[in-house]
$ cat input.txt   # compact mmCIF, C-alpha atoms
# COMPACT_ATOMS: atom_id res chain seq x y z
CA MET L 12 -31.62 -69.33 -11.76
CA ASP L 13 -32.75 -69.02 -8.13
CA ARG L 14 -35.33 -66.52 -6.82
CA LYS L 15 -32.69 -64.14 -5.40
CA SER L 16 -30.84 -63.88 -8.74
CA LYS L 17 -34.11 -63.21 -10.56
CA ILE L 18 -34.92 -60.35 -8.16
CA VAL L 19 -31.44 -58.83 -8.63
CA LEU L 20 -31.72 -59.10 -12.42
CA PHE L 21 -35.22 -57.55 -12.38
CA VAL L 22 -34.12 -54.62 -10.23
CA PHE L 23 -31.05 -54.05 -12.41
CA SER L 24 -33.20 -54.11 -15.56
CA LEU L 25 -35.56 -51.52 -14.02
CA VAL L 26 -32.58 -49.26 -13.27
CA VAL L 27 -31.28 -49.57 -16.85
CA VAL L 28 -34.72 -48.82 -18.31
CA GLY L 29 -35.07 -45.86 -15.95
CA ILE L 30 -31.70 -44.46 -17.08
CA ILE L 31 -32.66 -44.86 -20.75
CA VAL L 32 -36.04 -43.14 -20.26
CA ALA L 33 -34.39 -40.31 -18.29
CA GLU L 34 -31.85 -39.80 -21.10
CA ILE L 35 -34.59 -39.69 -23.72
CA VAL L 36 -36.84 -37.19 -21.93
CA ARG L 37 -34.03 -35.05 -20.50
CA PRO L 38 -33.77 -31.70 -22.34
CA LYS L 39 -30.52 -31.36 -24.20
CA PRO L 40 -28.20 -28.60 -22.94
CA ILE L 41 -27.34 -25.82 -25.36
CA ASN L 42 -24.15 -26.56 -27.29
CA TRP L 43 -22.04 -23.39 -27.39
CA LYS L 44 -19.13 -24.95 -29.26
CA PRO L 45 -18.18 -23.31 -32.58
CA SER L 46 -19.31 -25.27 -35.62
CA TYR L 47 -20.06 -22.97 -38.59
CA THR L 48 -21.28 -25.87 -40.76
CA ALA L 49 -24.18 -25.40 -43.16
CA ASN L 50 -26.47 -27.89 -41.40
CA SER L 51 -25.62 -26.94 -37.81
CA LYS L 52 -28.51 -25.32 -35.89
CA ILE L 53 -26.57 -24.74 -32.67
CA PRO L 54 -25.86 -21.08 -31.70
CA PHE L 55 -22.48 -20.95 -33.43
CA GLY L 56 -23.53 -22.86 -36.52
CA CYS L 57 -24.28 -21.40 -39.96
CA TYR L 58 -27.61 -23.03 -40.83
CA VAL L 59 -29.44 -19.69 -41.11
CA LEU L 60 -26.72 -17.97 -43.14
CA TYR L 61 -26.35 -20.90 -45.55
CA ASN L 62 -30.08 -21.02 -46.25
CA GLU L 63 -30.16 -17.26 -46.89
CA LEU L 64 -27.35 -17.33 -49.47
CA THR L 65 -29.77 -17.89 -52.35
CA THR L 66 -31.63 -14.73 -51.29
CA MET L 67 -28.53 -12.56 -50.91
CA PHE L 68 -26.83 -13.93 -54.07
CA ASP L 69 -29.85 -14.61 -56.30
CA ASN L 70 -27.76 -14.31 -59.47
CA SER L 71 -25.15 -16.83 -58.36
CA GLU L 72 -25.12 -20.60 -58.34
CA ILE L 73 -24.36 -21.79 -54.78
CA ASN L 74 -21.82 -24.64 -54.75
CA THR L 75 -21.32 -26.35 -51.38
CA VAL L 76 -17.74 -27.58 -51.04
CA GLU L 77 -17.24 -30.78 -49.03
CA GLU L 78 -13.60 -31.32 -49.97
CA SER L 79 -10.26 -29.53 -49.84
CA VAL L 80 -10.05 -26.10 -51.44
CA TYR L 81 -7.01 -27.36 -53.36
CA ASP L 82 -9.07 -30.04 -55.17
CA ILE L 83 -11.82 -27.55 -56.04
CA LEU L 84 -9.56 -24.85 -57.41
CA VAL L 85 -7.38 -27.23 -59.43
CA ASP L 86 -10.37 -28.68 -61.32
CA ARG L 87 -12.42 -25.48 -61.78
CA ASP L 88 -13.24 -23.74 -65.06
CA LYS L 89 -10.89 -20.75 -64.99
CA SER L 90 -12.96 -18.84 -67.53
CA ILE L 91 -15.83 -18.44 -65.01
CA LYS L 92 -15.42 -15.74 -62.37
CA SER L 93 -16.59 -16.65 -58.88
CA ASN L 94 -16.56 -15.87 -55.16
CA TYR L 95 -15.38 -18.20 -52.39
CA LEU L 96 -16.70 -17.97 -48.78
CA PHE L 97 -14.76 -19.28 -45.76
CA ILE L 98 -16.29 -18.90 -42.29
CA ASN L 99 -14.83 -20.77 -39.32
CA GLU L 100 -13.23 -20.28 -35.91
CA PHE L 101 -9.78 -20.64 -37.53
CA ILE L 102 -8.82 -21.21 -41.16
CA ASP L 103 -5.64 -23.27 -41.39
CA LEU L 104 -4.36 -23.35 -44.97
CA ASP L 105 -1.27 -25.32 -45.90
CA LYS L 106 1.27 -24.16 -48.49
CA GLN L 107 -0.37 -25.91 -51.48
CA GLU L 108 -3.84 -24.61 -50.60
CA THR L 109 -2.49 -21.09 -50.10
CA ASN L 110 -0.79 -21.13 -53.51
CA GLN L 111 -4.03 -22.22 -55.20
CA ILE L 112 -5.99 -19.50 -53.39
CA LEU L 113 -3.47 -16.83 -54.40
CA ASP L 114 -3.64 -17.94 -58.04
CA TYR L 115 -7.44 -17.94 -57.83
CA VAL L 116 -7.57 -14.35 -56.56
CA ASN L 117 -4.82 -13.18 -58.89
CA GLU L 118 -7.01 -14.22 -61.84
CA GLY L 119 -9.73 -11.74 -60.80
CA ASN L 120 -11.82 -13.73 -58.32
CA THR L 121 -12.73 -12.77 -54.74
CA ILE L 122 -12.28 -14.71 -51.50
CA PHE L 123 -14.19 -13.79 -48.35
CA ILE L 124 -12.70 -15.20 -45.11
CA SER L 125 -14.11 -14.63 -41.65
CA ALA L 126 -11.97 -16.29 -38.99
CA THR L 127 -9.84 -15.51 -35.96
CA GLY L 128 -6.76 -16.57 -37.92
CA PHE L 129 -5.88 -17.26 -41.56
CA GLY L 130 -2.83 -19.49 -41.34
CA GLY L 131 0.81 -18.53 -41.47
CA TYR L 132 1.39 -18.82 -45.22
CA LEU L 133 -1.51 -16.58 -46.24
CA SER L 134 -0.87 -14.03 -43.47
CA ASP L 135 2.78 -13.72 -44.44
CA THR L 136 1.94 -13.27 -48.11
CA LEU L 137 -0.61 -10.54 -47.43
CA ASN L 138 1.56 -8.89 -44.74
CA ILE L 139 -1.11 -9.05 -42.04
CA SER L 140 -1.12 -10.12 -38.40
CA ILE L 141 -3.97 -10.66 -35.94
CA ASN L 142 -4.25 -10.44 -32.17
CA SER L 143 -7.02 -11.09 -29.64
CA ASP L 144 -7.82 -9.01 -26.57
CA TYR L 145 -10.27 -10.89 -24.36
CA ASN L 146 -11.21 -10.28 -20.74
CA LEU L 147 -11.64 -12.76 -17.92
CA LYS L 148 -15.37 -12.05 -17.94
CA GLU L 149 -17.42 -11.59 -21.06
CA GLY L 150 -18.38 -8.08 -22.02
CA SER L 151 -20.03 -6.51 -24.98
CA SER L 152 -18.33 -5.59 -28.24
CA LYS L 153 -19.68 -3.50 -31.10
CA LEU L 154 -19.08 -3.89 -34.83
CA SER L 155 -19.24 -1.01 -37.28
CA LEU L 156 -18.50 -0.41 -40.97
CA THR L 157 -16.66 2.53 -42.50
CA HIS L 158 -18.83 3.04 -45.58
CA LYS L 159 -20.84 6.26 -45.38
CA LYS L 160 -24.11 4.34 -45.86
CA PHE L 161 -23.44 2.17 -42.82
CA LYS L 162 -21.54 4.57 -40.54
CA SER L 163 -24.49 5.25 -38.25
CA GLU L 164 -25.13 1.55 -37.57
CA GLU L 165 -23.56 -0.49 -34.77
CA PHE L 166 -24.00 -4.18 -34.11
CA GLU L 167 -23.54 -5.50 -30.58
CA LEU L 168 -21.93 -8.84 -29.70
CA SER L 169 -22.21 -10.18 -26.16
CA ARG L 170 -21.05 -13.79 -26.10
CA GLY L 171 -18.24 -15.93 -27.50
CA VAL L 172 -16.24 -13.00 -28.90
CA TYR L 173 -12.50 -12.68 -28.24
CA ASN L 174 -12.10 -9.21 -29.80
CA ASN L 175 -9.79 -10.41 -32.57
CA HIS L 176 -8.44 -7.59 -34.72
CA PHE L 177 -5.69 -6.72 -37.18
CA THR L 178 -2.48 -5.38 -35.68
CA SER L 179 -0.60 -4.80 -38.93
CA LEU L 180 -1.69 -4.33 -42.54
CA ASP L 181 -0.24 -3.76 -46.00
CA SER L 182 -1.43 -0.14 -46.24
CA ALA L 183 -0.52 0.14 -49.93
CA ASN L 184 -2.99 -2.57 -50.99
CA THR L 185 -5.53 -2.57 -48.16
CA THR L 186 -8.77 -0.70 -47.55
CA ILE L 187 -10.26 -0.67 -44.03
CA LEU L 188 -13.94 -1.62 -44.16
CA GLY L 189 -14.90 -2.12 -40.51
CA HIS L 190 -13.97 -1.90 -36.84
CA ILE L 191 -14.64 -3.66 -33.57
CA THR L 192 -15.03 -1.57 -30.41
CA TYR L 193 -14.74 -3.11 -26.93
CA LEU L 194 -13.93 -2.32 -23.31
CA ARG L 195 -10.63 -3.49 -21.86
CA GLU L 196 -10.58 -4.07 -18.09
CA ASP L 197 -7.29 -4.26 -16.20
CA PHE L 198 -8.10 -6.30 -13.08
CA LEU L 199 -4.50 -6.38 -11.85
CA ASP L 200 -3.97 -2.62 -11.68
CA GLU L 201 -7.65 -1.88 -10.97
CA GLN L 202 -7.72 0.75 -13.67
CA PRO L 203 -11.08 1.97 -15.08
CA SER L 204 -12.35 0.25 -18.22
CA GLN L 205 -10.88 1.63 -21.43
CA SER L 206 -12.62 1.61 -24.81
CA HIS L 207 -10.59 0.33 -27.76
CA LYS L 208 -11.47 0.61 -31.45
CA ARG L 209 -9.61 -1.81 -33.71
CA VAL L 210 -9.78 -2.85 -37.37
CA ASN L 211 -11.58 -6.16 -37.92
CA PHE L 212 -12.67 -6.02 -41.59
CA ILE L 213 -10.43 -5.19 -44.56
CA LYS L 214 -10.25 -5.49 -48.33
CA THR L 215 -6.83 -6.42 -49.73
CA LYS L 216 -5.98 -6.26 -53.41
CA PHE L 217 -3.96 -9.15 -54.83
CA GLY L 218 -3.29 -9.25 -58.54
CA ASN L 219 -6.57 -8.77 -60.41
CA GLY L 220 -8.77 -9.84 -57.47
CA HIS L 221 -9.39 -9.13 -53.81
CA PHE L 222 -9.40 -10.72 -50.38
CA LEU L 223 -12.16 -9.68 -47.97
CA LEU L 224 -10.89 -10.57 -44.49
CA ASN L 225 -12.96 -10.41 -41.30
CA THR L 226 -11.75 -11.43 -37.82
CA THR L 227 -15.19 -11.86 -36.19
CA PRO L 228 -16.76 -15.10 -37.52
CA GLN L 229 -19.22 -15.16 -34.59
CA ALA L 230 -21.21 -12.37 -36.26
CA PHE L 231 -22.16 -14.79 -39.08
CA SER L 232 -23.51 -17.49 -36.74
CA ASN L 233 -27.12 -18.45 -36.06
CA TYR L 234 -27.00 -16.81 -32.63
CA TYR L 235 -26.27 -13.29 -33.88
CA ILE L 236 -28.16 -13.40 -37.18
CA LEU L 237 -31.36 -14.43 -35.36
CA GLY L 238 -30.50 -11.98 -32.57
CA GLY L 239 -30.90 -8.91 -34.77
CA ASN L 240 -27.48 -8.55 -36.43
CA GLN L 241 -28.55 -9.84 -39.85
CA ASP L 242 -27.90 -6.42 -41.41
CA TYR L 243 -24.21 -6.67 -40.56
CA VAL L 244 -23.98 -9.88 -42.62
CA SER L 245 -25.81 -8.36 -45.59
CA HIS L 246 -23.67 -5.21 -45.41
CA THR L 247 -20.39 -7.14 -45.38
CA PHE L 248 -21.51 -9.41 -48.23
CA SER L 249 -22.44 -6.34 -50.27
CA TYR L 250 -18.71 -5.91 -50.97
CA LEU L 251 -18.81 -9.15 -53.02
CA GLU L 252 -19.45 -8.60 -56.71
CA ASP L 253 -22.16 -10.60 -58.50
CA ARG L 254 -20.53 -13.67 -59.98
CA ASP L 255 -21.84 -16.79 -61.73
CA ILE L 256 -20.70 -19.11 -58.94
CA LEU L 257 -20.47 -18.72 -55.17
CA TYR L 258 -18.46 -21.42 -53.41
CA TRP L 259 -19.49 -22.11 -49.79
CA ASP L 260 -16.73 -23.92 -47.92
CA ASN L 261 -18.24 -26.65 -45.73
CA TYR L 262 -14.97 -28.57 -45.35
CA LYS L 263 -12.69 -26.46 -43.17
CA LYS L 264 -15.16 -26.29 -40.29
CA ALA L 265 -14.71 -26.82 -36.57
CA GLY L 266 -17.95 -28.83 -36.42
CA ARG L 267 -17.44 -30.98 -39.53
CA ALA L 268 -18.47 -34.58 -38.88
CA ILE L 269 -15.59 -36.97 -39.53
CA ILE L 270 -16.46 -40.67 -39.80
CA ASN L 271 -13.36 -42.87 -40.01
CA SER L 272 -14.74 -46.17 -38.73
CA PRO L 273 -18.02 -48.15 -38.56
CA MET L 274 -18.07 -47.74 -34.75
CA ARG L 275 -18.06 -43.96 -35.02
CA PHE L 276 -21.07 -44.16 -37.34
CA VAL L 277 -22.91 -46.46 -34.92
CA LEU L 278 -22.28 -44.12 -31.98
CA ASN L 279 -23.49 -41.11 -33.98
CA GLN L 280 -26.92 -42.73 -34.57
CA PRO L 281 -29.13 -42.70 -31.42
CA ALA L 282 -30.96 -45.95 -32.25
CA LEU L 283 -27.80 -47.86 -33.12
CA LYS L 284 -26.00 -46.40 -30.11
CA TRP L 285 -28.61 -47.63 -27.62
CA ALA L 286 -28.76 -51.03 -29.31
CA TYR L 287 -24.99 -51.27 -28.96
CA TYR L 288 -25.06 -50.25 -25.28
CA LEU L 289 -27.86 -52.71 -24.46
CA THR L 290 -25.95 -55.51 -26.18
CA ILE L 291 -22.83 -54.71 -24.14
CA ILE L 292 -24.88 -54.59 -20.91
CA GLY L 293 -26.51 -57.95 -21.74
CA VAL L 294 -23.14 -59.58 -22.40
CA LEU L 295 -21.73 -58.19 -19.14
CA LEU L 296 -24.73 -59.48 -17.18
CA PHE L 297 -24.33 -62.91 -18.71
CA VAL L 298 -20.62 -62.99 -17.93
CA PHE L 299 -21.23 -61.72 -14.39
CA PHE L 300 -23.82 -64.33 -13.40
CA LYS L 301 -22.07 -67.13 -15.29
CA SER L 302 -18.68 -66.47 -13.69
CA LYS L 303 -20.24 -66.03 -10.25
CA ARG L 304 -21.49 -69.62 -10.33
CA GLU L 305 -18.45 -71.33 -11.81
CA GLN L 306 -15.25 -69.51 -10.87
CA ARG L 307 -12.97 -70.70 -8.07
CA ILE L 308 -12.43 -68.82 -4.88
CA ILE L 309 -9.81 -66.17 -5.51
CA PRO L 310 -7.16 -66.10 -2.77
CA VAL L 311 -6.63 -62.81 -0.98
CA ILE L 312 -3.35 -61.15 -1.98
CA GLU L 313 -2.09 -58.38 0.21
CA PRO L 314 -1.30 -55.25 -1.81
CA LEU L 315 2.25 -53.98 -1.91
CA LYS L 316 3.05 -51.60 0.88
CA ASN L 317 3.16 -47.95 -0.14
CA SER L 318 6.47 -46.59 1.15
CA SER L 319 6.09 -43.18 -0.48
CA VAL L 320 4.70 -41.68 2.76
CA GLU L 321 7.71 -42.83 4.79
CA PHE L 322 10.03 -41.51 2.07
CA ALA L 323 8.32 -38.09 2.15
CA GLN L 324 8.58 -38.03 5.94
CA ALA L 325 12.29 -38.88 5.79
CA VAL L 326 13.01 -36.13 3.25
CA GLY L 327 10.92 -33.66 5.26
CA SER L 328 12.83 -34.51 8.45
CA LEU L 329 16.13 -33.99 6.63
CA TYR L 330 15.16 -30.45 5.56
CA ASN L 331 13.79 -29.71 9.02
CA GLN L 332 17.05 -30.73 10.68
CA ASN L 333 19.24 -28.66 8.33
CA LYS L 334 16.92 -25.58 8.51
CA ASP L 335 17.63 -24.89 4.84
CA PHE L 336 14.36 -23.11 4.17
CA THR L 337 15.67 -21.27 1.09
CA ASP L 338 16.38 -24.51 -0.77
CA LEU L 339 13.09 -25.99 0.39
CA ILE L 340 11.12 -22.96 -0.84
CA HIS L 341 12.89 -23.03 -4.19
CA LYS L 342 11.95 -26.69 -4.65
CA LYS L 343 8.34 -25.99 -3.65
CA LEU L 344 8.16 -23.12 -6.17
CA ASN L 345 9.69 -25.22 -8.95
CA TYR L 346 7.29 -28.06 -8.24
CA PHE L 347 4.24 -25.75 -8.18
CA LEU L 348 5.21 -23.93 -11.39
CA GLU L 349 5.80 -27.29 -13.09
CA HIS L 350 2.33 -28.30 -11.93
CA LEU L 351 0.87 -25.20 -13.65
CA ARG L 352 2.78 -25.93 -16.86
CA SER L 353 1.85 -29.61 -17.02
CA ASN L 354 -1.77 -29.50 -15.91
CA LEU L 355 -2.99 -26.03 -16.93
CA HIS L 356 -0.56 -25.46 -19.85
CA ILE L 357 0.49 -22.03 -18.58
CA ASP L 358 3.78 -20.35 -19.49
CA THR L 359 5.51 -19.60 -16.15
CA SER L 360 8.81 -18.32 -17.51
CA ILE L 361 7.63 -14.76 -16.84
CA LEU L 362 5.14 -14.03 -14.05
CA ASN L 363 3.13 -10.94 -14.95
CA GLU L 364 -0.41 -9.64 -15.34
CA LYS L 365 -1.17 -11.94 -18.27
CA THR L 366 -0.03 -14.98 -16.24
CA ILE L 367 -2.41 -14.01 -13.42
CA GLN L 368 -5.35 -13.53 -15.77
CA VAL L 369 -4.81 -16.82 -17.63
CA LEU L 370 -4.22 -18.74 -14.37
CA ALA L 371 -7.38 -17.35 -12.78
CA SER L 372 -9.38 -18.22 -15.90
CA LYS L 373 -8.11 -21.80 -16.22
CA SER L 374 -8.09 -22.70 -12.52
CA GLY L 375 -11.49 -21.24 -11.69
CA LYS L 376 -10.06 -19.31 -8.75
CA GLY L 377 -10.84 -15.72 -7.88
CA MET L 378 -8.76 -12.89 -9.29
CA GLU L 379 -7.73 -11.62 -5.85
CA GLU L 380 -6.64 -15.07 -4.61
CA THR L 381 -4.65 -15.72 -7.78
CA LYS L 382 -3.03 -12.29 -7.68
CA SER L 383 -2.09 -12.77 -4.00
CA LEU L 384 -0.44 -16.13 -4.71
CA ILE L 385 1.56 -14.97 -7.75
CA ASN L 386 2.70 -11.77 -6.02
CA TYR L 387 3.85 -13.81 -3.00
CA ILE L 388 5.77 -16.19 -5.29
CA ILE L 389 7.47 -13.20 -6.95
CA VAL L 390 8.46 -11.83 -3.52
CA LEU L 391 9.96 -15.17 -2.48
CA LYS L 392 11.87 -15.55 -5.77
CA ASN L 393 13.44 -12.14 -5.24
CA LYS L 394 14.57 -12.81 -1.65
CA THR L 395 17.99 -14.29 -1.03
CA THR L 396 17.23 -15.85 2.36
CA HIS L 397 14.03 -17.30 3.73
CA THR L 398 12.56 -18.19 7.10
CA GLU L 399 10.47 -21.03 8.39
CA GLN L 400 7.45 -18.70 8.41
CA ASP L 401 7.97 -18.06 4.66
CA SER L 402 7.87 -21.81 4.02
CA ILE L 403 4.72 -22.29 6.11
CA GLU L 404 2.92 -19.36 4.46
CA LEU L 405 3.84 -20.57 0.95
CA ASN L 406 2.60 -24.07 1.74
CA LYS L 407 -0.72 -22.68 3.03
CA LYS L 408 -1.28 -20.56 -0.09
CA ILE L 409 -0.43 -23.40 -2.53
CA THR L 410 -2.60 -25.88 -0.63
CA ALA L 411 -5.55 -23.47 -0.58
CA PHE L 412 -5.13 -22.71 -4.28
CA LYS L 413 -5.13 -26.41 -5.29
CA GLN L 414 -8.30 -27.21 -3.35
$ encode --input "input.txt" --output "structure tokens"
Amino acid sequence: MDRKSKIVLFVFSLVVVGIIVAEIVRPKPINWKPSYTANSKIPFGCYVLYNELTTMFDNSEINTVEESVYDILVDRDKSIKSNYLFINEFIDLDKQETNQILDYVNEGNTIFISATGFGGYLSDTLNISINSDYNLKEGSSKLSLTHKKFKSEEFELSRGVYNNHFTSLDSANTTILGHITYLREDFLDEQPSQSHKRVNFIKTKFGNGHFLLNTTPQAFSNYYILGGNQDYVSHTFSYLEDRDILYWDNYKKAGRAIINSPMRFVLNQPALKWAYYLTIIGVLLFVFFKSKREQRIIPVIEPLKNSSVEFAQAVGSLYNQNKDFTDLIHKKLNYFLEHLRSNLHIDTSILNEKTIQVLASKSGKGMEETKSLINYIIVLKNKTTHTEQDSIELNKKITAFKQ
């Protein structure tokens, strides 16, 4: 290896070492993703709650479930009464799991679920439905309980809450235990903020047992328990009767680690991950310097000519000659709305206030700019004839919005 190659290799090695050192000493950013697992210490994990279960349920044996609820309930001792805790962003129960849960509650046991949704089968059986009412910018929400001992207490939530609440209930079998209160801002009509109070915590009788359903799982996370809302958790759990066993579900979690291959395990271990990366870098360096010395000169091949520009110019000239601006505007609108559906996954079948809010949120554009664009599109769709100025103005607005 000549002197020049050694210098290049030395400089490259210094850069790699510098990157590794920078990665090691760089402070990790806060992970705001929902997890709700027992060993997760991130803001929306449940490490604190899980470790306090033995204090809150000192007469119960805590069983951590790392498998499907179906397998647990099929093999359990039915003579022992118990409670089952589910806390996650969304609880998706299939038909078999739902049937096992219903049998479990019917036999006199209690299930506590805190999630923004409970799955279609369970919701249909209990005759409940849930909706969310979130704003483009985060605001504060307050939780309260209906029991006379807790009526004077309110617990504030300020981040990661989508104001999920029950919109319909089975009033014959349901007791309302708590509410969520939040401000609703209508940016489109510029109306003043309105306070809404909705049901977020209920107790539903089923057979000889009960379901305790809560639509605000964020309140049970590390972030809010350590932030001063620990009393809300203890108050809600006070509705659970003392039982011999308390099942903690650690399976249906958004942050559950799933290892399906040896490579996934390697990449999840920092030491093995860096060893793997360094091995790959070493192999690439070897191949690079080895091939540089031995490979033949590669002939220059001219790339294929891109004729798409000429085609676009030809089509544009055709529309310009015919002066059919109405057809041109319709095609531009169809193309832009298809772009929103494909890239931002936005329903454009009906353009209304909700469309504007979702588009502004997903695109990162300002509310006024988004509102101006959508309103202009609505005006053009309602007109029967269009002018060249309409086409130019539409093109300017779409181009500015995509930048």
$ atom_distance --input "input.txt" --atom1 "atom CA of L:Ile312" --atom2 "atom CA of L:Leu296"
26.3 Å
$ closest_residue --input "input.txt" --among "L:Thr157, L:Ser143, L:Thr75, L:Thr290" --to "L:Thr226" --atoms "all atoms listed in the file"
L:Ser143
$ closest_residue --input "input.txt" --among "L:Leu295, L:Leu283, L:Ala126, L:Leu251" --to "L:Pro228" --atoms "all atoms listed in the file"
L:Ala126
$ atom_distance --input "input.txt" --atom1 "atom CA of L:Tyr47" --atom2 "atom CA of L:Arg267"
8.5 Å
$ residues_near_point --input "input.txt" --point "(-24.6, -25.9, -43.1)" --cutoff "12 Å" --atoms "all atoms listed in the file" --output "PyMOL selection string"
chain L and resi 46-53+55-64+75-77+98-99+232-233+259-268
$ closest_residue --input "input.txt" --among "L:Phe222, L:Phe212, L:Tyr243, L:Phe276" --to "L:His176" --atoms "all atoms listed in the file"
L:Phe212
$ decode --input "input.txt" --residues "stretch 213-266 of chain L" --atoms "C-alpha atoms" --output "PDB file, in the first residue's frame"
ATOM      1  CA  ILE L 213     -67.240   4.181  33.176  1.00  0.00           C
ATOM      2  CA  LYS L 214     -68.155   0.987  34.980  1.00  0.00           C
ATOM      3  CA  THR L 215     -70.184  -1.513  32.947  1.00  0.00           C
ATOM      4  CA  LYS L 216     -71.843  -4.556  34.464  1.00  0.00           C
ATOM      5  CA  PHE L 217     -71.589  -7.797  32.501  1.00  0.00           C
ATOM      6  CA  GLY L 218     -72.954 -10.965  34.023  1.00  0.00           C
ATOM      7  CA  ASN L 219     -71.574 -11.334  37.556  1.00  0.00           C
ATOM      8  CA  GLY L 220     -68.577  -9.040  36.969  1.00  0.00           C
ATOM      9  CA  HIS L 221     -67.676  -5.590  35.716  1.00  0.00           C
ATOM     10  CA  PHE L 222     -65.661  -3.759  33.092  1.00  0.00           C
ATOM     11  CA  LEU L 223     -63.885  -0.560  34.164  1.00  0.00           C
ATOM     12  CA  LEU L 224     -63.197   1.369  30.956  1.00  0.00           C
ATOM     13  CA  ASN L 225     -61.067   4.516  30.716  1.00  0.00           C
ATOM     14  CA  THR L 226     -60.253   6.399  27.486  1.00  0.00           C
ATOM     15  CA  THR L 227     -57.209   8.332  28.771  1.00  0.00           C
ATOM     16  CA  PRO L 228     -54.271   5.882  29.088  1.00  0.00           C
ATOM     17  CA  GLN L 229     -51.791   8.797  29.146  1.00  0.00           C
ATOM     18  CA  ALA L 230     -52.825   9.534  32.748  1.00  0.00           C
ATOM     19  CA  PHE L 231     -51.261   6.204  33.832  1.00  0.00           C
ATOM     20  CA  SER L 232     -47.871   6.898  32.227  1.00  0.00           C
ATOM     21  CA  ASN L 233     -44.591   7.832  33.914  1.00  0.00           C
ATOM     22  CA  TYR L 234     -44.896  11.424  32.707  1.00  0.00           C
ATOM     23  CA  TYR L 235     -48.148  12.199  34.521  1.00  0.00           C
ATOM     24  CA  ILE L 236     -47.669  10.012  37.596  1.00  0.00           C
ATOM     25  CA  LEU L 237     -44.325  11.702  38.332  1.00  0.00           C
ATOM     26  CA  GLY L 238     -45.858  15.043  37.342  1.00  0.00           C
ATOM     27  CA  GLY L 239     -48.287  15.110  40.258  1.00  0.00           C
ATOM     28  CA  ASN L 240     -51.285  13.123  38.968  1.00  0.00           C
ATOM     29  CA  GLN L 241     -50.580   9.972  40.992  1.00  0.00           C
ATOM     30  CA  ASP L 242     -53.792  10.466  42.990  1.00  0.00           C
ATOM     31  CA  TYR L 243     -55.875  10.057  39.840  1.00  0.00           C
ATOM     32  CA  VAL L 244     -54.366   6.586  39.333  1.00  0.00           C
ATOM     33  CA  SER L 245     -54.969   5.549  42.936  1.00  0.00           C
ATOM     34  CA  HIS L 246     -58.537   6.895  42.819  1.00  0.00           C
ATOM     35  CA  THR L 247     -59.401   5.001  39.634  1.00  0.00           C
ATOM     36  CA  PHE L 248     -57.843   1.772  40.921  1.00  0.00           C
ATOM     37  CA  SER L 249     -59.871   2.098  44.116  1.00  0.00           C
ATOM     38  CA  TYR L 250     -62.862   0.828  42.112  1.00  0.00           C
ATOM     39  CA  LEU L 251     -61.112  -2.564  41.805  1.00  0.00           C
ATOM     40  CA  GLU L 252     -62.041  -5.017  44.531  1.00  0.00           C
ATOM     41  CA  ASP L 253     -59.312  -6.850  46.472  1.00  0.00           C
ATOM     42  CA  ARG L 254     -58.681 -10.143  44.718  1.00  0.00           C
ATOM     43  CA  ASP L 255     -56.110 -12.923  45.144  1.00  0.00           C
ATOM     44  CA  ILE L 256     -54.537 -12.288  41.738  1.00  0.00           C
ATOM     45  CA  LEU L 257     -53.964  -9.152  39.690  1.00  0.00           C
ATOM     46  CA  TYR L 258     -52.981  -9.765  36.069  1.00  0.00           C
ATOM     47  CA  TRP L 259     -50.859  -7.025  34.472  1.00  0.00           C
ATOM     48  CA  ASP L 260     -50.967  -7.251  30.683  1.00  0.00           C
ATOM     49  CA  ASN L 261     -47.478  -6.645  29.256  1.00  0.00           C
ATOM     50  CA  TYR L 262     -48.264  -8.250  25.891  1.00  0.00           C
ATOM     51  CA  LYS L 263     -50.670  -5.941  24.087  1.00  0.00           C
ATOM     52  CA  LYS L 264     -48.357  -2.929  24.292  1.00  0.00           C
ATOM     53  CA  ALA L 265     -47.309  -0.394  21.685  1.00  0.00           C
ATOM     54  CA  GLY L 266     -43.699  -0.560  22.921  1.00  0.00           C
TER      55      GLY L 266
END
